[in-house]
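Note: the block below is upload36.txt and it holds compact mmCIF, C-alpha atoms.
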```
# COMPACT_ATOMS: atom_id res chain seq x y z
CA MET A 551 -19.58 -40.09 76.18
CA LEU A 552 -19.35 -43.88 75.97
CA ALA A 553 -22.54 -43.81 73.92
CA LEU A 554 -20.55 -42.29 71.06
CA ILE A 555 -18.31 -45.36 70.76
CA PRO A 556 -20.89 -47.48 68.85
CA ALA A 557 -21.57 -44.46 66.62
CA LEU A 558 -17.85 -44.02 66.00
CA MET A 559 -17.47 -47.67 65.01
CA PHE A 560 -20.53 -47.47 62.76
CA LYS A 561 -19.22 -44.39 60.95
CA VAL A 562 -15.70 -45.79 60.59
CA GLY A 563 -17.18 -48.84 58.89
CA ALA A 564 -19.33 -46.70 56.62
CA TRP A 565 -16.37 -44.50 55.67
CA ARG A 566 -14.12 -47.48 55.00
CA ASP A 567 -16.66 -49.01 52.61
CA SER A 568 -17.59 -45.80 50.76
CA LEU A 569 -16.33 -44.56 47.40
CA PRO A 570 -17.26 -40.86 47.26
CA SER A 571 -16.60 -38.76 44.18
CA PHE A 572 -16.85 -35.18 42.96
CA ASP A 573 -19.11 -36.09 40.03
CA GLY A 574 -22.53 -34.62 39.29
CA ARG A 575 -24.06 -32.26 41.85
CA ALA A 576 -20.85 -32.23 43.86
CA GLN A 577 -19.22 -30.07 41.19
CA THR A 578 -21.57 -27.20 42.04
CA TYR A 579 -19.87 -27.10 45.45
CA VAL A 580 -16.35 -28.06 44.41
CA GLN A 581 -16.04 -25.33 41.78
CA PRO A 582 -16.60 -22.39 44.17
CA ALA A 583 -14.49 -24.15 46.82
CA SER A 584 -11.61 -24.33 44.36
CA GLU A 585 -12.05 -20.63 43.60
CA LEU A 586 -11.72 -19.88 47.30
CA LEU A 587 -8.65 -22.06 47.61
CA ARG A 588 -6.95 -20.32 44.70
CA GLY A 589 -7.75 -16.91 46.18
CA GLU A 590 -9.88 -15.89 43.20
CA SER A 591 -12.76 -13.41 43.26
CA TYR A 592 -15.48 -15.95 44.21
CA SER A 593 -17.90 -14.38 41.78
CA GLY A 594 -18.90 -17.12 39.34
CA GLY A 595 -22.42 -18.32 38.67
CA GLU A 596 -22.10 -21.29 41.03
CA THR A 597 -21.44 -18.87 43.91
CA PHE A 598 -24.91 -17.46 43.22
CA ARG A 599 -26.52 -20.87 43.41
CA ARG A 600 -24.56 -22.10 46.43
CA PRO A 601 -24.14 -19.95 49.58
CA PRO A 602 -20.56 -19.76 50.85
CA VAL A 603 -20.28 -21.82 54.03
CA TYR A 604 -20.15 -25.33 52.55
CA PRO A 605 -17.72 -24.32 49.76
CA ALA A 606 -15.58 -22.68 52.48
CA PHE A 607 -15.67 -25.94 54.45
CA LEU A 608 -14.58 -27.86 51.34
CA ALA A 609 -11.81 -25.34 50.71
CA ALA A 610 -10.54 -25.85 54.28
CA VAL A 611 -10.44 -29.62 53.78
CA PHE A 612 -8.74 -29.21 50.40
CA ALA A 613 -6.13 -26.96 51.98
CA VAL A 614 -5.21 -29.73 54.43
CA ALA A 615 -5.69 -32.90 52.38
CA GLY A 616 -5.89 -31.80 48.76
CA GLU A 617 -8.97 -32.31 46.59
CA ASN A 618 -9.68 -35.69 48.13
CA ALA A 619 -13.31 -36.80 48.36
CA ARG A 620 -12.57 -39.35 51.09
CA ALA A 621 -10.98 -36.64 53.22
CA VAL A 622 -14.19 -34.61 52.86
CA THR A 623 -16.41 -37.51 53.93
CA LEU A 624 -14.10 -38.30 56.85
CA ALA A 625 -14.54 -34.71 58.03
CA GLN A 626 -18.29 -35.03 57.56
CA HIS A 627 -18.50 -38.24 59.59
CA THR A 628 -16.67 -36.32 62.32
CA LEU A 629 -19.31 -33.60 62.07
CA GLY A 630 -21.95 -36.31 62.42
CA LEU A 631 -20.39 -37.32 65.74
CA GLY A 632 -20.35 -33.62 66.66
CA THR A 633 -24.09 -33.42 66.01
CA ALA A 634 -24.69 -36.40 68.30
CA LEU A 635 -22.49 -34.82 70.97
CA ALA A 636 -24.37 -31.50 70.73
CA ALA A 637 -27.66 -33.33 71.27
CA MET A 638 -26.21 -35.17 74.26
CA LEU A 639 -25.04 -31.92 75.85
CA ALA A 640 -28.46 -30.38 75.23
CA ALA A 641 -30.13 -33.35 76.94
CA ILE A 642 -27.84 -33.04 79.97
CA THR A 643 -28.50 -29.30 80.17
CA MET A 644 -32.27 -29.63 79.89
CA TRP A 645 -32.95 -32.72 81.95
CA GLY A 646 -29.74 -33.57 83.80
CA SER A 647 -30.14 -37.14 82.61
CA PRO A 648 -27.17 -39.16 81.34
CA VAL A 649 -29.66 -41.80 80.18
CA ALA A 650 -31.50 -39.33 77.93
CA ALA A 651 -28.16 -38.00 76.69
CA ALA A 652 -26.98 -41.51 75.78
CA ALA A 653 -30.27 -42.25 74.03
CA ALA A 654 -30.00 -39.05 71.97
CA GLY A 655 -26.41 -39.84 71.03
CA LEU A 656 -27.28 -43.36 69.93
CA LEU A 657 -30.38 -42.35 67.95
CA ILE A 658 -28.41 -39.74 66.02
CA GLY A 659 -25.03 -41.45 65.80
CA LEU A 660 -26.43 -44.79 64.63
CA ASN A 661 -28.98 -43.33 62.20
CA PRO A 662 -28.15 -44.95 58.83
CA ASN A 663 -29.71 -42.11 56.84
CA LEU A 664 -27.62 -39.41 58.48
CA THR A 665 -24.51 -41.57 58.10
CA TYR A 666 -25.27 -42.21 54.43
CA TYR A 667 -25.40 -38.49 53.62
CA GLU A 668 -22.23 -37.87 55.60
CA GLY A 669 -20.59 -40.00 52.91
CA LEU A 670 -21.75 -37.74 50.06
CA ILE A 671 -20.51 -34.35 48.89
CA GLU A 672 -23.66 -32.55 50.02
CA SER A 673 -24.17 -29.59 52.34
CA GLU A 674 -26.79 -31.14 54.64
CA THR A 675 -24.32 -32.69 57.10
CA LEU A 676 -22.55 -29.38 57.80
CA GLY A 677 -25.87 -27.53 58.00
CA ILE A 678 -27.25 -30.07 60.49
CA PHE A 679 -24.16 -29.72 62.66
CA LEU A 680 -24.33 -25.91 62.70
CA LEU A 681 -28.07 -25.97 63.41
CA SER A 682 -27.50 -28.43 66.27
CA LEU A 683 -24.90 -26.07 67.74
CA SER A 684 -27.41 -23.22 67.54
CA ALA A 685 -30.05 -25.29 69.33
CA LEU A 686 -27.54 -26.33 72.01
CA PHE A 687 -26.56 -22.70 72.64
CA VAL A 688 -30.22 -21.67 72.92
CA VAL A 689 -30.77 -24.45 75.48
CA LYS A 690 -27.77 -23.23 77.46
CA ALA A 691 -29.10 -19.66 77.33
CA LEU A 692 -32.42 -20.85 78.74
CA HIS A 693 -30.96 -22.96 81.57
CA ARG A 694 -27.73 -21.36 82.73
CA PRO A 695 -28.34 -18.46 85.17
CA GLY A 696 -27.05 -15.22 83.68
CA ALA A 697 -25.79 -17.00 80.55
CA ALA A 698 -28.24 -15.61 78.01
CA LEU A 699 -25.97 -12.72 76.98
CA LYS A 700 -23.18 -15.21 76.26
CA TRP A 701 -25.05 -18.02 74.59
CA GLY A 702 -27.69 -15.99 72.75
CA PRO A 703 -25.22 -14.36 70.31
CA ALA A 704 -23.38 -17.69 69.94
CA ALA A 705 -26.66 -19.30 68.89
CA GLY A 706 -27.24 -16.50 66.39
CA LEU A 707 -23.78 -16.92 64.87
CA ALA A 708 -24.20 -20.70 64.48
CA LEU A 709 -27.67 -20.23 62.98
CA SER A 710 -26.39 -17.60 60.55
CA ALA A 711 -23.69 -20.03 59.40
CA ALA A 712 -26.34 -22.74 59.00
CA GLY A 713 -28.45 -20.37 56.88
CA LEU A 714 -25.44 -19.61 54.69
CA CYS A 715 -24.96 -23.36 54.29
CA ARG A 716 -28.60 -24.37 53.72
CA PRO A 717 -30.81 -21.28 53.17
CA GLU A 718 -33.99 -22.97 54.41
CA MET A 719 -32.36 -23.33 57.83
CA ALA A 720 -32.45 -19.54 58.24
CA ALA A 721 -36.16 -19.96 59.04
CA CYS A 722 -35.08 -21.40 62.40
CA MET A 723 -34.20 -17.91 63.62
CA LEU A 724 -37.86 -17.80 64.69
CA ALA A 725 -37.39 -20.71 67.12
CA PRO A 726 -35.75 -18.87 70.07
CA LEU A 727 -37.96 -15.76 69.83
CA PRO A 728 -40.73 -16.87 72.25
CA PHE A 729 -38.30 -18.22 74.84
CA LEU A 730 -35.29 -15.95 75.29
CA PRO A 731 -37.29 -13.03 76.74
CA GLY A 732 -38.34 -15.25 79.65
CA VAL A 733 -34.85 -15.48 81.19
CA PRO A 734 -32.76 -12.79 82.92
CA ASP A 735 -31.31 -10.37 80.36
CA GLY A 736 -33.44 -12.20 77.83
CA TRP A 737 -34.48 -9.17 75.77
CA ARG A 738 -30.89 -8.00 75.41
CA ALA A 739 -29.82 -11.53 74.51
CA LEU A 740 -32.61 -11.73 71.92
CA ARG A 741 -31.55 -8.47 70.28
CA ARG A 742 -27.95 -9.68 70.11
CA PHE A 743 -29.08 -13.06 68.78
CA LEU A 744 -31.02 -11.40 65.96
CA ALA A 745 -28.25 -8.93 65.15
CA VAL A 746 -25.53 -11.59 64.97
CA CYS A 747 -27.81 -13.89 62.98
CA LEU A 748 -29.21 -11.37 60.52
CA VAL A 749 -26.16 -9.27 59.64
CA PRO A 750 -24.24 -12.00 57.72
CA LEU A 751 -27.43 -13.20 56.02
CA VAL A 752 -28.44 -9.71 54.91
CA LEU A 753 -24.91 -8.89 53.74
CA TRP A 754 -24.92 -12.00 51.54
CA MET A 755 -28.32 -11.02 50.14
CA PHE A 756 -26.99 -7.54 49.31
CA ARG A 757 -23.98 -9.16 47.66
CA ASN A 758 -26.31 -11.20 45.41
CA TRP A 759 -28.35 -8.09 44.68
CA PHE A 760 -25.33 -6.07 43.61
CA MET A 761 -23.79 -8.88 41.55
CA PHE A 762 -26.82 -10.67 40.11
CA GLY A 763 -29.80 -8.38 40.66
CA LEU A 764 -31.69 -10.50 43.21
CA PHE A 765 -31.99 -9.78 46.94
CA THR A 766 -31.95 -13.39 48.08
CA LEU A 767 -29.74 -15.92 49.85
CA SER A 768 -30.03 -18.20 46.85
CA PRO A 769 -32.30 -18.30 43.80
CA MET A 770 -32.87 -22.02 44.22
CA GLY A 771 -35.82 -21.72 46.61
CA ALA A 772 -37.97 -19.94 44.01
CA VAL A 773 -36.63 -22.21 41.26
CA THR A 774 -37.44 -25.47 43.03
CA SER A 775 -40.84 -24.15 44.13
CA LEU A 776 -41.91 -24.63 40.51
CA GLN A 777 -41.97 -28.38 41.14
CA THR A 778 -45.03 -27.55 43.24
CA SER A 779 -46.37 -24.48 41.43
CA GLY A 780 -45.69 -25.67 37.86
CA PRO A 781 -49.39 -26.29 37.12
CA PHE A 782 -50.06 -22.58 37.85
CA ILE A 783 -47.55 -21.13 35.36
CA ASN A 784 -49.03 -18.19 33.46
CA TRP A 785 -48.32 -19.26 29.89
CA SER A 786 -49.91 -16.12 28.45
CA SER A 787 -47.32 -13.84 30.06
CA SER A 788 -44.34 -12.90 27.88
CA ASP A 789 -41.93 -12.80 30.85
CA GLN A 790 -39.28 -15.54 30.87
CA SER A 791 -40.71 -16.72 27.55
CA GLU A 792 -37.62 -18.69 26.50
CA LEU A 793 -37.50 -20.59 29.79
CA LYS A 794 -41.24 -21.27 29.56
CA LYS A 795 -40.77 -22.66 26.06
CA ILE A 796 -38.10 -25.08 27.27
CA TYR A 797 -40.24 -25.96 30.30
CA ALA A 798 -43.21 -26.80 28.06
CA GLU A 799 -41.06 -29.05 25.87
CA ILE A 800 -39.71 -31.02 28.83
CA LEU A 801 -43.17 -31.20 30.40
CA GLU A 802 -44.47 -32.84 27.25
CA GLU A 803 -41.53 -35.25 27.23
CA LYS A 804 -42.34 -36.27 30.82
CA GLY A 805 -45.99 -36.87 30.09
CA GLY A 806 -47.28 -33.90 32.09
CA SER A 807 -45.44 -34.51 35.38
CA HIS A 808 -43.89 -31.30 36.76
CA ARG A 809 -41.41 -33.07 39.03
CA ASN A 810 -37.83 -32.02 38.21
CA VAL A 811 -38.95 -30.27 35.02
CA ILE A 812 -37.72 -26.87 36.20
CA ASN A 813 -34.30 -28.27 37.13
CA GLU A 814 -33.80 -29.67 33.65
CA ALA A 815 -35.25 -26.54 32.02
CA VAL A 816 -32.83 -24.26 33.87
CA TYR A 817 -29.94 -26.58 33.02
CA ARG A 818 -30.82 -26.45 29.31
CA ARG A 819 -31.12 -22.69 29.55
CA MET A 820 -27.61 -22.59 31.04
CA LEU A 821 -26.35 -24.08 27.76
CA GLU A 822 -27.68 -21.01 25.96
CA ILE A 823 -26.84 -18.19 28.40
CA HIS A 824 -24.66 -17.62 31.46
CA ILE A 825 -25.43 -19.70 34.56
CA GLU A 826 -26.40 -16.70 36.68
CA ASN A 827 -28.79 -15.39 34.02
CA ALA A 828 -30.52 -18.77 33.76
CA LEU A 829 -30.88 -18.87 37.54
CA VAL A 830 -32.32 -15.34 37.58
CA GLU A 831 -34.90 -16.39 34.97
CA GLY A 832 -35.82 -19.47 37.00
CA HIS A 833 -36.15 -17.40 40.18
CA ARG A 834 -38.36 -14.81 38.49
CA LEU A 835 -40.56 -17.48 36.96
CA GLY A 836 -40.99 -19.08 40.39
CA VAL A 837 -41.94 -15.77 42.01
CA GLU A 838 -44.28 -14.84 39.14
CA THR A 839 -46.03 -18.22 39.33
CA PHE A 840 -46.47 -18.04 43.12
CA LEU A 841 -47.91 -14.52 42.96
CA SER A 842 -50.35 -15.53 40.23
CA ASN A 843 -52.05 -18.06 42.54
CA PRO A 844 -50.68 -17.94 46.11
CA LEU A 845 -53.59 -19.79 47.69
CA GLY A 846 -53.45 -22.58 45.13
CA TYR A 847 -49.72 -22.87 45.68
CA LEU A 848 -50.04 -23.12 49.46
CA LEU A 849 -52.71 -25.80 49.11
CA ALA A 850 -50.47 -27.71 46.71
CA THR A 851 -47.67 -27.82 49.30
CA ARG A 852 -49.66 -30.43 51.22
CA ALA A 853 -47.90 -33.06 49.15
CA ASN A 854 -44.55 -31.53 50.13
CA PHE A 855 -45.35 -31.90 53.83
CA ALA A 856 -46.50 -35.48 53.34
CA GLY A 857 -43.30 -36.35 51.48
CA PHE A 858 -41.13 -34.69 54.12
CA LEU A 859 -42.79 -36.61 56.95
CA GLU A 860 -42.57 -39.84 54.98
CA GLY A 861 -38.82 -39.31 54.57
CA LEU A 862 -38.44 -38.93 58.34
CA VAL A 863 -39.45 -42.53 58.98
CA TYR A 864 -37.85 -44.22 55.99
CA VAL A 865 -35.29 -46.90 56.86
CA GLU A 866 -33.83 -49.08 54.10
CA GLU A 867 -34.21 -52.80 54.64
CA GLY A 868 -31.16 -54.50 56.09
CA LYS A 869 -29.46 -51.25 57.12
CA THR A 870 -30.00 -51.56 60.87
CA SER A 871 -31.29 -53.77 63.68
CA ALA A 872 -34.98 -54.44 64.23
CA MET A 873 -35.03 -52.38 67.44
CA LEU A 874 -33.35 -49.36 65.88
CA LYS A 875 -35.55 -49.69 62.81
CA PHE A 876 -38.62 -49.57 65.07
CA LEU A 877 -37.34 -46.48 66.87
CA LEU A 878 -36.42 -44.63 63.68
CA GLY A 879 -39.60 -45.71 61.91
CA ASN A 880 -41.71 -44.20 64.71
CA LEU A 881 -39.50 -41.20 65.43
CA PRO A 882 -42.15 -38.46 65.01
CA VAL A 883 -44.54 -40.29 67.37
CA LEU A 884 -41.81 -40.91 69.93
CA ALA A 885 -40.69 -37.27 69.68
CA ALA A 886 -44.25 -36.05 70.29
CA ALA A 887 -44.53 -38.35 73.32
CA GLY A 888 -41.13 -37.18 74.60
CA LEU A 889 -42.11 -33.54 74.18
CA ALA A 890 -45.39 -34.08 76.04
CA ALA A 891 -43.66 -35.92 78.89
CA SER A 892 -40.86 -33.35 79.14
CA MET A 893 -43.38 -30.56 79.76
CA PHE A 894 -43.64 -31.88 83.33
CA SER A 895 -39.87 -31.78 83.84
CA PRO A 896 -37.94 -28.77 85.19
CA GLY A 897 -36.21 -28.32 81.82
CA ARG A 898 -37.42 -25.48 79.59
CA GLY A 899 -35.66 -26.18 76.30
CA ALA A 900 -37.83 -28.91 74.76
CA PRO A 901 -40.45 -26.51 73.29
CA ALA A 902 -37.64 -24.54 71.64
CA ILE A 903 -36.29 -27.75 70.09
CA ALA A 904 -39.80 -28.56 68.85
CA LEU A 905 -40.02 -25.10 67.30
CA TYR A 906 -36.69 -25.68 65.55
CA PHE A 907 -38.29 -28.75 63.97
CA LEU A 908 -41.41 -26.86 62.92
CA CYS A 909 -39.35 -24.06 61.37
CA LEU A 910 -37.33 -26.63 59.42
CA LEU A 911 -40.54 -28.30 58.29
CA MET A 912 -42.00 -25.01 57.03
CA GLY A 913 -38.74 -23.74 55.55
CA ASN A 914 -38.34 -26.91 53.50
CA CYS A 915 -41.87 -27.74 52.47
CA LEU A 916 -43.00 -24.28 51.39
CA VAL A 917 -40.38 -24.16 48.65
CA GLU A 918 -39.37 -27.76 47.96
CA ILE A 919 -41.02 -31.08 47.26
CA GLY A 920 -40.70 -33.52 50.14
CA ILE A 921 -37.49 -35.30 49.21
CA PHE A 922 -35.55 -37.64 51.47
CA ARG A 923 -32.41 -35.47 51.54
CA ARG A 924 -34.39 -32.62 53.11
CA SER A 925 -36.09 -34.80 55.72
CA ILE A 926 -32.87 -35.86 57.42
CA THR A 927 -32.19 -32.27 58.54
CA ALA A 928 -34.98 -32.62 61.12
CA VAL A 929 -33.86 -36.00 62.49
CA PRO A 930 -31.58 -34.68 65.29
CA ALA A 931 -34.30 -32.44 66.77
CA LEU A 932 -36.82 -35.30 66.83
CA SER A 933 -34.22 -37.72 68.21
CA LEU A 934 -33.44 -35.35 71.07
CA LEU A 935 -37.10 -35.00 72.00
CA ALA A 936 -37.68 -38.75 71.76
CA ALA A 937 -34.66 -39.37 74.00
CA TYR A 938 -36.49 -37.97 77.02
CA LEU A 939 -38.60 -41.13 77.09
CA ALA A 940 -35.48 -43.02 78.18
CA ALA A 941 -35.24 -40.76 81.23
CA LEU A 942 -38.94 -40.95 82.04
CA PRO A 943 -38.81 -43.97 84.41
CA SER A 944 -36.19 -42.35 86.63
CA ALA A 945 -38.10 -39.05 86.50
CA LEU A 946 -41.28 -40.82 87.63
CA TRP A 947 -39.38 -42.55 90.43
CA ALA A 948 -38.02 -39.21 91.61
CA ALA A 949 -41.51 -37.72 91.46
CA ARG A 950 -42.87 -40.61 93.56
CA ALA A 951 -40.36 -39.88 96.29
CA ARG A 952 -40.89 -36.12 96.08
CA PHE A 953 -44.66 -36.28 96.36
CA ASN A 954 -44.83 -39.26 98.78
CA MET A 955 -46.65 -41.45 96.28
CA PRO A 956 -46.87 -45.27 96.56
CA CYS A 957 -44.69 -47.26 94.23
CA PHE A 958 -46.85 -49.67 92.29
CA LEU A 959 -43.72 -51.52 91.17
CA SER A 960 -42.36 -52.36 94.62
CA GLY A 961 -45.66 -52.65 96.44
CA LYS A 962 -44.24 -50.69 99.36
CA PRO A 963 -46.50 -48.25 101.23
CA PRO A 964 -45.93 -44.54 100.75
CA LEU A 965 -43.26 -42.84 102.81
CA ARG A 966 -44.44 -41.29 106.08
CA PRO A 967 -43.56 -37.68 106.81
```

Whole structure, structure tokens version:
Amino acid sequence: MLALIPALMFKVGAWRDSLPSFDGRAQTYVQPASELLRGESYSGGETFRRPPVYPAFLAAVFAVAGENARAVTLAQHTLGLGTALAAMLAAITMWGSPVAAAAAGLLIGLNPNLTYYEGLIESETLGIFLLSLSALFVVKALHRPGAALKWGPAAGLALSAAGLCRPEMAACMLAPLPFLPGVPDGWRALRRFLAVCLVPLVLWMFRNWFMFGLFTLSPMGAVTSLQTSGPFINWSSSDQSELKKIYAEILEEKGGSHRNVINEAVYRRMLEIHIENALVEGHRLGVETFLSNPLGYLLATRANFAGFLEGLVYVEEGKTSAMLKFLLGNLPVLAAAGLAASMFSPGRGAPAIALYFLCLLMGNCLVEIGIFRRSITAVPALSLLAAYLAALPSALWAARARFNMPCFLSGKPPLRP
């Protein structure tokens, strides 16, 4: 727990120096949060674009502290510490190593990128925290004898909340599937995990279908996919013709680059029709374009994956020490090494954490260009895997004693039976 003290001091300093506001994108979250706080119907167009968990979180903060942006970021810095704590508990559960737990807490708690986004009115921080809780509960289900029936549904509930905060995180429901059946009561725990996870997600999708005509968590996945699939738009089709006309005008203004064109096109369309109708048009154009050339689209997502991975290792100059910059700049490599080394440990949760990362990678990159704000969602999983390297020396020492191997460090002969 002492490892969280440097993280606490770091976040207090960041919060003290920040000047958050509700301008720009933040309004798309604040508006539905205010509707919730006033007890209104929660049926406006922004509730279609933004799933309910982050607006509900904002409404809870507003109920306590008023519509105060600094109160929101203070709560989010607290969630950042909660994410670090969840990773530490997972490390203890998997490997029984306080050293690995401290390393995980420091890598996450002192990460300047995570801390930066905790200071913004964005949903990633809450989603990361909920996803980290889900991963922790899965680890507990895999390691605690007879605990699968308790922790499996808890993991499903946390993951469902994460999916209703950041829809791409719902892809992580695949992560526990190969592992839960291998523990006592695992199949029952898996069924409960899926039921608890899927029911809220499906209910929200039905809600969007009844209110807006689309069976989806959010239309934004299909909309933002056009930043990748834009070159494949079928201009000869008459469907969504008005949106296509606006898209073509903006594309010409930008000199042929498709990046962010769809976002601006949908925004301009919102000035002409209701928000929800513009979002429906954008969603349908995204689906139409994908179906017209699915193979070409999937090949084009290579750039998304490259951008996502590049964002994982980005550290702004002057934001941290040289040692921490080295660790964060090589995080994927260190995580791969930690995963490989942990396969020889008694712990069974590391492959599940790795699968959480892969699901996040796929869920983001198949529908979104590789932007920095998306990359940070995978940082805690990689940090946890990399943290095992800190416990490796003690694990090797224990293995030397267990298998009666000579210690090349001390020069002493092997122990005699």

How many Å separate CA of Pro896 (chain A) from CA of Ala650 (chain A)?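 Separation of CA of Pro896 (chain A) and CA of Ala650 (chain A): 14.3 Å.
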
Have a look at A:Thr623, A:Thr643, A:Thr597, A:Gln790 and name the one nearest to Gly899 (chain A); count only C-alpha atoms.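 Once distances to Gly899 (chain A) are computed over only C-alpha atoms, the minimum belongs to A:Thr643.
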
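Comparing the minimum interatomic distances between Pro731 (chain A) and each of A:Leu764, A:Val688, A:Ala928, A:Gly846, counting all atoms listed in the file, we find that A:Val688 sits nearest.
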
For each of A:Pro570, A:Arg834, A:His824, A:Arg757, take the minimum atom-to-atom distance to Ser791 (chain A), counting only C-alpha atoms, then give the residue where this is smallest. A:Arg834

Determine, counting all atoms listed in the file, which protein, DNA and RNA residues have an atom within 6 Å of an atom of region 811-820 of chain A; residues of the same chain fewer than 4 positions away are not included. Present the result as a PDB file with C-alpha atoms, in the frame of the given file.
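This is the output file part27.pdb:
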```
ATOM      1  CA  ILE A 796     -38.100 -25.080  27.270  1.00  0.00           C
ATOM      2  CA  TYR A 797     -40.240 -25.960  30.300  1.00  0.00           C
ATOM      3  CA  HIS A 824     -24.660 -17.620  31.460  1.00  0.00           C
ATOM      4  CA  ILE A 825     -25.430 -19.700  34.560  1.00  0.00           C
ATOM      5  CA  ALA A 828     -30.520 -18.770  33.760  1.00  0.00           C
TER       6      ALA A 828
END
```

A:Leu624, A:Val603, A:Ala705, A:Ala613 ranked by distance to Trp565 (chain A), top pick (using all atoms listed in the file):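 Answer, going by the shortest atom-to-atom distance: A:Leu624.
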
Report, in Å with one decimal, the straight-line distance from CA of Val865 (chain A) to CA of Leu878 (chain A).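 So the answer is 7.3 Å.
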
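Closest to Ser892 (chain A) among A:Asn758, A:Arg738, A:Tyr938, A:Gly805 is A:Tyr938, based on all atoms listed in the file.
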
Find, counting only C-alpha atoms, the residue in A:Gly702, A:Pro601, A:Gly732, A:Gly632 that gets nearest to Pro750 (chain A).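 Using only C-alpha atoms, the shortest distance to Pro750 (chain A) belongs to A:Pro601.
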
Quick one, how far is CA of Gly669 (chain A) from CA of Leu631 (chain A)? 13.1 Å

Find the axis-aligned box for region 896-905 of chain A, covering all its listed atoms and adding 3 Å on each side, and write its centre and edge lengths in Å to one decimal as AutoDock Vina command-line options.
```
--center_x -38.1 --center_y -26.7 --center_z 76.2 --size_x 10.8 --size_y 10.4 --size_z 23.9
```

Write out as a list in words the residues lying within 10 Å of Thr927 (chain A), counting only C-alpha atoms and excluding same-chain residues fewer than 6 positions away. Leu664, Glu674, Thr675, Gly677, Ile678, Phe679, Leu681, Ser682, Arg716, Met719, Leu862, Phe907, Leu910, Leu911 and Asn914 of chain A

Residue selection dump (C-alpha atoms) as a PDB file, in the coordinates of the input:
```
ATOM      1  CA  LEU A 664     -27.620 -39.410  58.480  1.00  0.00           C
ATOM      2  CA  GLU A 674     -26.790 -31.140  54.640  1.00  0.00           C
ATOM      3  CA  THR A 675     -24.320 -32.690  57.100  1.00  0.00           C
ATOM      4  CA  GLY A 677     -25.870 -27.530  58.000  1.00  0.00           C
ATOM      5  CA  ILE A 678     -27.250 -30.070  60.490  1.00  0.00           C
ATOM      6  CA  PHE A 679     -24.160 -29.720  62.660  1.00  0.00           C
ATOM      7  CA  LEU A 681     -28.070 -25.970  63.410  1.00  0.00           C
ATOM      8  CA  SER A 682     -27.500 -28.430  66.270  1.00  0.00           C
ATOM      9  CA  ARG A 716     -28.600 -24.370  53.720  1.00  0.00           C
ATOM     10  CA  MET A 719     -32.360 -23.330  57.830  1.00  0.00           C
ATOM     11  CA  LEU A 862     -38.440 -38.930  58.340  1.00  0.00           C
ATOM     12  CA  PHE A 907     -38.290 -28.750  63.970  1.00  0.00           C
ATOM     13  CA  LEU A 910     -37.330 -26.630  59.420  1.00  0.00           C
ATOM     14  CA  LEU A 911     -40.540 -28.300  58.290  1.00  0.00           C
ATOM     15  CA  ASN A 914     -38.340 -26.910  53.500  1.00  0.00           C
TER      16      ASN A 914
END
```

Skip Ala708 (chain A) itself and residues of its chain fewer than 3 positions away, then list as a list of chain:residue names all residues within 6 Å of it, counting all atoms listed in the file.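 My reading of the contact set: A:Leu680, A:Ser684, A:Ala705, A:Ala711.
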
Between region 615-725 of chain A and region 900-906 of chain A, at 9 Å or less, what are the per-residue closest atom pairs and their distances in Å? Count only C-alpha atoms, order by chain and rising residue number, and return it as a tab-separated table.
```
residue	atom	partner	partner_atom	distance
A:Met644	CA	A:Ala900	CA	7.6
A:Leu681	CA	A:Tyr906	CA	8.9
A:Ala685	CA	A:Ile903	CA	6.8
A:Val688	CA	A:Ala902	CA	8.1
A:Val689	CA	A:Ala902	CA	7.9
A:Ala721	CA	A:Tyr906	CA	8.7
A:Cys722	CA	A:Tyr906	CA	5.6
A:Met723	CA	A:Tyr906	CA	8.4
A:Leu724	CA	A:Tyr906	CA	8.0
A:Ala725	CA	A:Leu905	CA	5.1
```
